[in-house]
>>> print(open('entry10.txt').read())   # compact mmCIF, C-alpha atoms
# COMPACT_ATOMS: atom_id res chain seq x y z
CA MET H 17 152.09 108.23 86.77
CA GLU H 18 148.83 106.49 85.83
CA TRP H 19 149.42 103.89 88.52
CA LEU H 20 148.86 106.57 91.17
CA THR H 21 145.41 107.43 89.82
CA ALA H 22 144.39 103.81 89.11
CA ALA H 23 141.17 102.81 90.88
CA SER H 24 142.83 99.79 92.46
CA TRP H 25 146.06 97.82 92.57
CA SER H 26 146.59 94.08 92.61
CA PRO H 27 146.16 92.77 96.18
CA TYR H 28 149.52 91.03 95.78
CA ALA H 29 151.27 94.31 94.96
CA VAL H 30 149.54 95.99 97.92
CA GLY H 31 150.51 93.12 100.24
CA ALA H 32 154.12 93.10 99.05
CA GLY H 33 154.19 96.88 99.61
CA ILE H 34 152.94 96.47 103.18
CA GLY H 35 155.54 93.73 103.77
CA ALA H 36 158.30 95.99 102.44
CA LEU H 37 156.98 98.86 104.58
CA SER H 38 157.43 96.64 107.62
CA TRP H 39 161.11 96.10 106.71
CA LEU H 40 161.47 99.88 106.89
CA THR H 41 159.67 100.26 110.22
CA PHE H 42 161.89 97.55 111.77
CA LEU H 43 165.01 99.13 110.30
CA LEU H 44 164.28 102.83 110.83
CA SER H 45 162.08 102.75 113.93
CA ASP H 46 162.80 99.41 115.65
CA ARG H 47 159.05 98.79 115.54
CA ALA H 48 156.45 96.54 113.98
CA ILE H 49 153.33 97.98 112.34
CA GLY H 50 150.28 97.91 114.63
CA CYS H 51 147.21 100.07 115.14
CA SER H 52 145.09 99.17 118.15
CA THR H 53 147.13 100.74 120.97
CA ALA H 54 146.48 104.14 119.35
CA PHE H 55 142.79 103.70 120.20
CA ALA H 56 143.58 102.74 123.81
CA ARG H 57 145.88 105.74 124.23
CA THR H 58 143.31 108.10 122.69
CA SER H 59 140.62 106.70 124.97
CA GLY H 60 142.92 107.44 127.93
CA MET H 61 143.57 110.97 126.67
CA LEU H 62 139.82 111.62 126.38
CA GLU H 63 139.20 110.16 129.85
CA ARG H 64 141.92 112.42 131.22
CA LEU H 65 140.00 115.47 129.93
CA VAL H 66 137.13 114.43 132.22
CA ARG H 67 138.85 112.80 135.19
CA GLY H 68 142.22 114.55 135.16
CA ARG H 69 145.65 113.13 135.91
CA ALA H 70 144.26 110.22 137.98
CA VAL H 71 143.81 108.38 134.67
CA ASP H 72 147.59 108.07 134.26
CA GLU H 73 147.67 105.94 137.43
CA LYS H 74 145.36 103.25 136.03
CA PRO H 75 147.41 100.03 135.66
CA TYR H 76 146.69 99.74 131.94
CA TYR H 77 147.70 103.33 131.19
CA ARG H 78 150.93 102.84 133.13
CA GLN H 79 151.79 100.28 130.43
CA PHE H 80 150.30 102.26 127.55
CA ALA H 81 150.59 105.91 128.56
CA PRO H 82 147.78 108.11 127.19
CA MET H 83 149.98 110.10 124.82
CA ILE H 84 150.76 110.56 121.16
CA ASP H 85 153.41 108.02 120.17
CA TRP H 86 154.78 106.43 116.99
CA GLU H 87 151.79 104.12 116.52
CA TRP H 88 149.32 106.98 117.08
CA MET H 89 151.08 108.92 114.31
CA LEU H 90 150.91 105.82 112.11
CA VAL H 91 147.12 105.67 112.50
CA ALA H 92 146.84 109.42 111.77
CA GLY H 93 148.98 108.82 108.68
CA ILE H 94 146.63 106.06 107.50
CA VAL H 95 143.75 108.58 107.36
CA ILE H 96 145.89 110.95 105.26
CA GLY H 97 147.28 108.23 102.97
CA ALA H 98 143.87 106.68 102.33
CA ALA H 99 142.37 110.12 101.62
CA ALA H 100 145.22 110.92 99.21
CA SER H 101 144.75 107.62 97.37
CA ALA H 102 140.96 108.08 97.23
CA LEU H 103 141.33 111.64 95.89
CA LEU H 104 143.83 110.58 93.24
CA SER H 105 141.54 107.83 92.00
CA GLN H 106 138.37 109.95 92.43
CA ASP H 107 137.04 107.42 94.91
CA LEU H 108 136.39 109.70 97.92
CA GLN H 109 132.81 108.83 98.83
CA TRP H 110 131.02 110.57 101.69
CA ARG H 111 128.42 108.06 102.75
CA TRP H 112 126.84 106.55 105.85
CA VAL H 113 125.71 103.16 104.54
CA PRO H 114 127.93 100.79 102.50
CA PRO H 115 126.29 99.16 99.42
CA LEU H 116 126.51 95.59 100.73
CA TRP H 117 124.82 96.61 104.00
CA GLU H 118 122.14 98.55 102.11
CA ALA H 119 121.32 95.55 99.91
CA SER H 120 120.51 93.44 102.97
CA PHE H 121 119.38 95.89 105.66
CA GLY H 122 118.19 98.97 103.76
CA PRO H 123 119.45 102.55 103.33
CA ALA H 124 118.63 103.92 106.84
CA PRO H 125 121.79 105.20 108.56
CA VAL H 126 120.66 104.54 112.17
CA PRO H 127 120.77 100.71 112.10
CA ARG H 128 124.12 100.82 110.32
CA ILE H 129 125.61 103.22 112.88
CA ALA H 130 124.24 101.10 115.74
CA ALA H 131 125.89 97.98 114.28
CA ALA H 132 129.11 99.90 113.69
CA LEU H 133 129.14 101.18 117.30
CA PHE H 134 128.59 97.65 118.62
CA GLY H 135 131.22 96.21 116.27
CA GLY H 136 133.68 98.98 117.09
CA PHE H 137 133.17 98.34 120.81
CA CYS H 138 133.93 94.62 120.37
CA ILE H 139 137.01 95.43 118.29
CA GLY H 140 138.31 97.98 120.80
CA LEU H 141 137.79 95.51 123.64
CA GLY H 142 138.91 92.40 121.75
CA SER H 143 142.03 93.90 120.19
CA ARG H 144 143.37 95.06 123.53
CA TRP H 145 142.28 91.77 125.15
CA ALA H 146 144.20 89.85 122.48
CA GLY H 147 147.10 92.32 122.59
CA GLY H 148 146.87 93.31 118.94
CA CYS H 149 144.71 93.64 115.84
CA THR H 150 144.72 92.51 112.21
CA SER H 151 147.90 94.58 111.70
CA GLY H 152 149.83 93.96 114.94
CA HIS H 153 148.98 90.27 115.27
CA GLY H 154 147.57 89.44 111.82
CA ILE H 155 150.46 90.79 109.75
CA SER H 156 153.38 91.86 111.99
CA GLY H 157 153.03 89.11 114.59
CA THR H 158 152.50 86.22 112.22
CA MET H 159 155.46 87.28 110.04
CA GLN H 160 157.64 87.06 113.17
CA LEU H 161 156.34 83.52 113.81
CA GLY H 162 154.71 84.56 117.10
CA ALA H 163 152.53 81.76 118.48
CA ALA H 164 150.08 84.14 120.24
CA SER H 165 149.76 86.13 117.01
CA TRP H 166 148.88 83.07 114.92
CA ILE H 167 146.23 82.07 117.48
CA ALA H 168 144.80 85.61 117.57
CA ALA H 169 144.80 85.98 113.77
CA ILE H 170 142.99 82.66 113.29
CA CYS H 171 140.43 83.62 115.95
CA PHE H 172 139.80 87.05 114.31
CA PHE H 173 138.75 85.24 111.14
CA VAL H 174 136.96 82.32 112.79
CA GLY H 175 134.82 84.77 114.79
CA GLY H 176 134.41 87.14 111.87
CA VAL H 177 133.43 84.48 109.31
CA ALA H 178 130.93 82.88 111.74
CA VAL H 179 129.22 86.13 112.73
CA ALA H 180 129.17 87.51 109.16
CA HIS H 181 127.38 84.36 108.01
CA VAL H 182 124.84 84.66 110.85
CA LEU H 183 124.25 88.34 110.01
CA PHE H 184 123.85 87.91 106.25
CA ARG H 185 122.40 84.42 105.95
CA LEU H 186 120.09 84.15 108.94
CA LEU H 187 118.90 87.70 109.63
CA MET M 5 171.22 98.85 114.08
CA LEU M 6 170.33 102.48 113.64
CA SER M 7 170.13 103.06 117.40
CA ALA M 8 170.85 106.79 117.19
CA LEU M 9 167.93 107.23 114.80
CA HIS M 10 165.66 105.10 117.00
CA ALA M 11 166.34 107.43 119.95
CA ARG M 12 165.32 110.64 118.14
CA ARG M 13 161.77 111.05 119.37
CA LYS M 14 160.50 113.76 117.01
CA THR M 15 162.08 112.14 113.96
CA GLN M 16 160.46 108.87 115.00
CA LEU M 17 157.02 110.49 115.21
CA LEU M 18 157.54 111.81 111.68
CA ILE M 19 158.63 108.36 110.42
CA GLY M 20 155.52 106.90 112.07
CA LEU M 21 153.33 109.42 110.25
CA LEU M 22 155.01 108.78 106.89
CA ALA M 23 154.76 104.99 107.35
CA GLY M 24 151.06 105.50 108.08
CA VAL M 25 150.58 107.58 104.92
CA VAL M 26 152.12 104.79 102.83
CA PHE M 27 150.11 102.12 104.71
CA GLY M 28 146.86 104.06 104.24
CA PHE M 29 147.59 104.65 100.55
CA LEU M 30 148.21 100.92 100.03
CA LEU M 31 145.10 99.88 101.99
CA GLN M 32 142.91 102.20 99.92
CA LYS M 33 144.42 101.07 96.61
CA GLY M 34 143.87 97.47 97.71
CA GLY M 35 140.19 98.12 98.47
CA ALA M 36 140.67 97.28 102.17
CA THR M 37 139.16 100.61 103.27
CA LYS M 38 135.78 99.41 102.03
CA TYR M 39 133.16 97.60 104.11
CA ASP M 40 132.03 95.58 101.10
CA VAL M 41 135.52 94.16 100.53
CA ILE M 42 136.10 93.25 104.20
CA VAL M 43 132.65 91.74 104.78
CA GLY M 44 132.94 90.06 101.37
CA GLN M 45 136.04 88.34 102.76
CA LEU M 46 134.24 87.26 105.95
CA LEU M 47 131.40 85.90 103.78
CA LEU M 48 134.10 84.01 101.79
CA ARG M 49 133.00 85.63 98.52
CA ASP M 50 135.93 87.99 97.91
CA PHE M 51 139.44 86.96 98.97
CA THR M 52 141.10 90.38 98.54
CA VAL M 53 141.81 90.83 102.26
CA VAL M 54 143.44 87.41 102.65
CA LYS M 55 145.50 87.99 99.48
CA ILE M 56 146.77 91.32 100.85
CA MET M 57 147.52 89.95 104.31
CA VAL M 58 149.21 86.74 103.18
CA SER M 59 151.41 88.49 100.62
CA ALA M 60 152.35 91.06 103.28
CA VAL M 61 153.25 88.25 105.68
CA ILE M 62 155.37 86.41 103.07
CA THR M 63 157.25 89.56 102.04
CA GLY M 64 157.64 90.79 105.58
CA MET M 65 158.63 87.42 107.02
CA ILE M 66 161.58 87.01 104.66
CA GLY M 67 162.68 90.64 104.97
CA VAL M 68 162.51 91.15 108.73
CA HIS M 69 164.29 87.86 109.43
CA ALA M 70 166.98 88.76 106.90
CA LEU M 71 167.41 92.13 108.65
CA SER M 72 167.61 90.35 111.98
CA TRP M 73 170.19 87.81 110.69
CA LEU M 74 172.27 90.72 109.34
CA GLY M 75 172.09 92.40 112.75
CA LEU M 76 170.20 95.39 111.31
CA ALA M 77 166.95 94.90 113.22
CA ARG M 78 165.60 93.35 116.38
CA LEU M 79 162.42 91.25 116.25
CA HIS M 80 159.44 92.12 118.45
CA PRO M 81 157.21 89.04 118.72
CA LYS M 82 154.19 89.80 120.90
CA SER M 83 153.81 88.09 124.22
CA GLY M 84 150.47 86.47 124.92
CA SER M 85 148.37 83.66 126.32
CA TRP M 86 145.54 81.44 125.11
CA GLY M 87 143.12 83.34 127.35
CA GLY M 88 144.23 86.61 125.76
CA ALA M 89 144.82 85.72 122.11
CA ALA M 90 141.98 83.20 121.61
CA VAL M 91 139.25 84.85 123.72
CA GLY M 92 140.21 88.39 122.71
CA GLY M 93 140.54 87.20 119.11
CA LEU M 94 136.99 85.82 119.06
CA ILE M 95 135.57 89.02 120.63
CA PHE M 96 137.46 90.94 117.92
CA GLY M 97 135.98 88.62 115.29
CA VAL M 98 132.41 89.43 116.38
CA GLY M 99 133.25 93.11 116.01
CA PHE M 100 135.05 92.54 112.70
CA ALA M 101 131.80 91.19 111.18
CA ALA M 102 129.49 93.79 112.77
CA LEU M 103 131.68 96.78 111.92
CA GLY M 104 133.29 95.60 108.68
CA TYR M 105 136.57 97.40 109.42
CA CYS M 106 139.50 96.73 111.77
CA PRO M 107 141.61 99.31 113.68
CA GLY M 108 143.89 100.06 110.70
CA THR M 109 141.27 99.91 107.98
CA VAL M 110 138.77 101.97 110.03
CA ALA M 111 141.28 104.84 109.88
CA GLY M 112 141.61 104.25 106.13
CA ALA M 113 137.83 104.16 105.75
CA VAL M 114 137.59 107.53 107.53
CA GLY M 115 140.09 108.89 104.99
CA ASN M 116 137.96 107.36 102.24
CA GLY M 117 134.96 109.42 103.49
CA HIS M 118 133.01 106.57 105.06
CA LEU M 119 131.04 108.13 107.87
CA ASP M 120 129.91 104.83 109.44
CA ALA M 121 133.61 104.19 110.14
CA LEU M 122 133.96 107.55 111.90
CA ALA M 123 130.68 107.90 113.82
CA GLY M 124 130.32 104.19 114.59
CA GLY M 125 133.66 102.46 114.23
CA VAL M 126 136.08 104.94 115.77
CA VAL M 127 133.68 105.95 118.59
CA GLY M 128 132.93 102.30 119.39
CA MET M 129 136.61 101.34 119.37
CA LEU M 130 137.51 104.15 121.75
CA ALA M 131 134.74 103.01 124.12
CA GLY M 132 135.80 99.35 123.83
CA ALA M 133 139.48 100.10 124.43
CA GLY M 134 138.58 102.30 127.41
CA THR M 135 136.40 99.51 128.82
CA PHE M 136 139.30 97.10 128.48
CA ALA M 137 141.56 99.51 130.39
CA ALA M 138 138.97 99.63 133.20
CA LEU M 139 138.66 95.82 133.32
CA PHE M 140 142.39 95.22 132.91
CA PRO M 141 143.42 94.69 136.58
CA ARG M 142 140.80 91.94 137.02
CA LEU M 143 141.40 90.34 133.61
CA GLN M 144 145.15 90.34 134.11
CA ARG M 145 144.85 88.22 137.25
CA GLY M 146 142.24 85.98 135.62
CA ILE M 147 141.72 85.02 132.02
CA LEU M 148 144.73 86.83 130.54
CA SER M 149 147.05 84.61 132.59
CA ARG M 150 145.39 81.35 131.43
CA GLY M 151 147.58 79.26 129.12
CA MET M 152 150.59 81.58 129.13
CA LEU M 153 152.63 81.44 125.91
CA GLY M 154 154.97 84.36 126.52
CA ASP M 155 156.71 85.31 123.30
CA LEU M 156 156.89 81.68 122.17
CA ARG M 157 157.56 81.37 118.43
CA LEU M 158 156.63 78.67 115.93
CA HIS M 159 160.15 77.41 115.28
CA ALA M 160 160.65 76.90 119.03
CA ILE M 161 157.48 74.77 119.18
CA LEU M 162 158.75 72.73 116.23
CA GLY M 163 162.25 72.56 117.73
CA ILE M 164 163.97 73.59 114.48
CA PRO M 165 166.10 76.63 113.53
CA GLU M 166 164.45 79.95 112.70
CA TRP M 167 165.48 79.86 109.01
CA ALA M 168 164.14 76.31 108.63
CA THR M 169 160.72 77.65 109.64
CA VAL M 170 160.77 80.95 107.76
CA ILE M 171 161.56 79.50 104.32
CA PRO M 172 159.02 76.62 104.36
CA ALA M 173 156.38 78.88 105.95
CA ALA M 174 156.85 81.47 103.18
CA LEU M 175 156.58 78.69 100.57
CA VAL M 176 153.44 77.17 102.12
CA LEU M 177 151.78 80.61 102.27
CA ALA M 178 152.74 81.25 98.62
CA LEU M 179 151.25 77.89 97.64
CA ALA M 180 148.08 78.79 99.52
CA LEU M 181 147.79 81.98 97.43
CA LEU M 182 148.39 79.96 94.26
CA ALA M 183 145.65 77.52 95.32
CA LEU M 184 143.25 80.45 95.86
CA GLU M 185 143.95 81.68 92.32
CA ARG M 186 143.60 78.18 90.88
CA ALA M 187 140.24 77.84 92.63
CA GLY M 188 139.16 81.07 90.88
CA LEU M 189 138.72 82.98 94.16
>>> encode(input="entry10.txt", output="structure tokens")
Amino acid sequence: MEWLTAASWSPYAVGAGIGALSWLTFLLSDRAIGCSTAFARTSGMLERLVRGRAVDEKPYYRQFAPMIDWEWMLVAGIVIGAAASALLSQDLQWRWVPPLWEASFGPAPVPRIAAALFGGFCIGLGSRWAGGCTSGHGISGTMQLGAASWIAAICFFVGGVAVAHVLFRLL
Amino acid sequence: MLSALHARRKTQLLIGLLAGVVFGFLLQKGGATKYDVIVGQLLLRDFTVVKIMVSAVITGMIGVHALSWLGLARLHPKSGSWGGAAVGGLIFGVGFAALGYCPGTVAGAVGNGHLDALAGGVVGMLAGAGTFAALFPRLQRGILSRGMLGDLRLHAILGIPEWATVIPAALVLALALLALERAGL
């Protein structure tokens, strides 16, 4: 069982595993893998704590009801699965600042958290604007030959590559 | 199709959780729960993320179409428009570079102990998704309806059968991976 405690697996094995996992979700659940609606639903659930049931009447939440569904459970499972893998390979690292960030911008947590908040905001907004994320469009949508998914996936990387180069080369 | 299984709500929630556990395990083993690996991809220094995604697409593409041809599964291509997919995609891209995780890998990064993913990434994503929900009625009438594509698929654009797109597309993607390896990336 050394493969379970290995520090990393070949990206091709990991990718093939994710592809095979999607066969199972189509077969067993009639669903494609995706992650970003879980964040929209959670946001609605949190807003409901403050504003009450009126939130359910918002047009967006009529389409994506603020509730725990299959995709929400998938995202919860990702946290557990990643933690299990990290524990098995002794790679669970509690830290605020990733090494690559620290090498360019220093070890202070506040700038890193500010950038992460800004980036997270853009991802939350952009993924729902595009109708999917790197999983829903980038993997599940492109494998189904969806035109909107190919456009979205290309734009994720065009935007990401451009801004990463500005951040790390110019700043 | 396993329609009776699909209708069992609690069983489905459990399947969703188990699929997530496997997905999270794979993402962590692949290194995709790490900021350095994802930003390394966006800086075009480390092609791990593209290798994972493209091999997932090749494997998945062949399998889900085979299931569909056998009548065992129904496809779910996403509906969209240029105004949604391209504009939303670029906004996502800005965030992808600033955060260094995406919605799936941010959950994996939390499991990996990375606190920037939790305190910054997850909180920011919840705020961004909530903002989108607030803007949705206006966006829906405006930019999201520009350049409607519906659930148009590549083989329909090309005017050829589904299988005649799936097999060459899988081959082209496999050749792209081979070219990456040959280039030493």
>>> residues_around(input="entry10.txt", residues="Leu20 of chain H", least_positions_apart="3", cutoff="8 Å", atoms="only C-alpha atoms", output="list in words")
Met17, Ser101, Leu104 and Ser105 of chain H
>>> write_last_selection(input="entry10.txt", atoms="C-alpha atoms", output="short mmCIF file (atom, residue, chain, number, x, y, z; two decimals), in the coordinates of the input")
data_model
loop_
_atom_site.label_atom_id
_atom_site.label_comp_id
_atom_site.auth_asym_id
_atom_site.auth_seq_id
_atom_site.Cartn_x
_atom_site.Cartn_y
_atom_site.Cartn_z
CA MET H 17 152.09 108.23 86.77
CA SER H 101 144.75 107.62 97.37
CA LEU H 104 143.83 110.58 93.24
CA SER H 105 141.54 107.83 92.00
#
>>> closest_residue(input="entry10.txt", among="H:Gln79, H:Gln160, H:Thr21, H:Ser120", to="chain M", atoms="all atoms listed in the file")
H:Gln160
>>> residues_around(input="entry10.txt", residues="segment 26-41 of chain M", least_positions_apart="6", cutoff="7 Å", atoms="only C-alpha atoms", output="compact mmCIF listing (two decimals) with C-alpha atoms, keeping the file's coordinate frame")
# COMPACT_ATOMS: atom_id res chain seq x y z
CA ALA H 23 141.17 102.81 90.88
CA SER H 24 142.83 99.79 92.46
CA TRP H 25 146.06 97.82 92.57
CA SER H 26 146.59 94.08 92.61
CA PRO H 27 146.16 92.77 96.18
CA VAL H 30 149.54 95.99 97.92
CA ILE H 34 152.94 96.47 103.18
CA GLY H 93 148.98 108.82 108.68
CA ILE H 94 146.63 106.06 107.50
CA VAL H 95 143.75 108.58 107.36
CA GLY H 97 147.28 108.23 102.97
CA ALA H 98 143.87 106.68 102.33
CA ALA H 100 145.22 110.92 99.21
CA SER H 101 144.75 107.62 97.37
CA ALA H 102 140.96 108.08 97.23
CA PRO H 114 127.93 100.79 102.50
CA PRO H 115 126.29 99.16 99.42
CA LEU H 116 126.51 95.59 100.73
CA ASP M 50 135.93 87.99 97.91
CA VAL M 53 141.81 90.83 102.26
CA GLY M 104 133.29 95.60 108.68
CA TYR M 105 136.57 97.40 109.42
CA THR M 109 141.27 99.91 107.98
CA VAL M 110 138.77 101.97 110.03
CA GLY M 112 141.61 104.25 106.13
CA ALA M 113 137.83 104.16 105.75
CA ASN M 116 137.96 107.36 102.24
>>> closest_residue(input="entry10.txt", among="H:Trp166, H:Gly147, H:Arg69, H:Gly135", to="chain M", atoms="only C-alpha atoms")
H:Gly135
>>> closest_residue(input="entry10.txt", among="H:Val91, H:Ala146, H:Thr158, H:Ile84", to="Ile62 of chain M", atoms="only C-alpha atoms")
H:Thr158
>>> axis_aligned_box(input="entry10.txt", around="segment 63-69 of chain M", padding_each_side="6 Å", output="lines of an AutoDock Vina configuration file")
center_x = 160.8
center_y = 89.1
center_z = 105.7
size_x = 19.0
size_y = 16.1
size_z = 19.4
>>> residues_around(input="entry10.txt", residues="segment 181-188 of chain M", least_positions_apart="2", cutoff="8 Å", atoms="all atoms listed in the file", output="number ranges by chain")
M: 55, 58, 177-179
>>> closest_residue(input="entry10.txt", among="M:Ala180, M:Val61, M:Ile161, M:Ala70", to="chain H", atoms="all atoms listed in the file")
M:Val61
>>> residues_around(input="entry10.txt", residues="Val179 of chain H", least_positions_apart="2", cutoff="9 Å", atoms="all atoms listed in the file", output="VMD selection string")
(chain H and resid 174 to 177 181 to 184) or (chain M and resid 46 97 to 102)
>>> write_last_selection(input="entry10.txt", atoms="C-alpha atoms", output="CSV table (one decimal), in the coordinates of the input")
chain,number,residue,atom,x,y,z
H,174,VAL,CA,137.0,82.3,112.8
H,175,GLY,CA,134.8,84.8,114.8
H,176,GLY,CA,134.4,87.1,111.9
H,177,VAL,CA,133.4,84.5,109.3
H,181,HIS,CA,127.4,84.4,108.0
H,182,VAL,CA,124.8,84.7,110.8
H,183,LEU,CA,124.2,88.3,110.0
H,184,PHE,CA,123.8,87.9,106.2
M,46,LEU,CA,134.2,87.3,106.0
M,97,GLY,CA,136.0,88.6,115.3
M,98,VAL,CA,132.4,89.4,116.4
M,99,GLY,CA,133.2,93.1,116.0
M,100,PHE,CA,135.0,92.5,112.7
M,101,ALA,CA,131.8,91.2,111.2
M,102,ALA,CA,129.5,93.8,112.8
>>> atom_distance(input="entry10.txt", atom1="atom CA of Gly162 of chain H", atom2="atom CA of Ile66 of chain M")
14.4 Å
>>> atom_distance(input="entry10.txt", atom1="atom CA of Val114 of chain M", atom2="atom CA of Arg128 of chain H")
15.3 Å
>>> closest_residue(input="entry10.txt", among="H:Ala168, H:Ala163, H:Ala180, H:Leu187", to="Asp155 of chain M", atoms="all atoms listed in the file")
H:Ala163
>>> closest_residue(input="entry10.txt", among="M:Phe51, M:Ala8, M:His118, M:Arg13", to="chain H", atoms="only C-alpha atoms")
M:His118
>>> atom_distance(input="entry10.txt", atom1="atom CA of Gly154 of chain H", atom2="atom CA of Thr52 of chain M")
14.8 Å
>>> residues_near_point(input="entry10.txt", point="(133.6, 104.7, 115.8)", cutoff="12 Å", atoms="only C-alpha atoms", output="MDAnalysis selection string")
(chainID H and resid 55 59 128:140) or (chainID M and resid 99 103:107 109:111 113:114 118:133)
>>> residues_around(input="entry10.txt", residues="Gly33 of chain H", least_positions_apart="2", cutoff="9 Å", atoms="all atoms listed in the file", output="NGL selection string")
(:H and (28-31 or 35-38)) or (:M and (26-27 or 30 or 59-60 or 63))
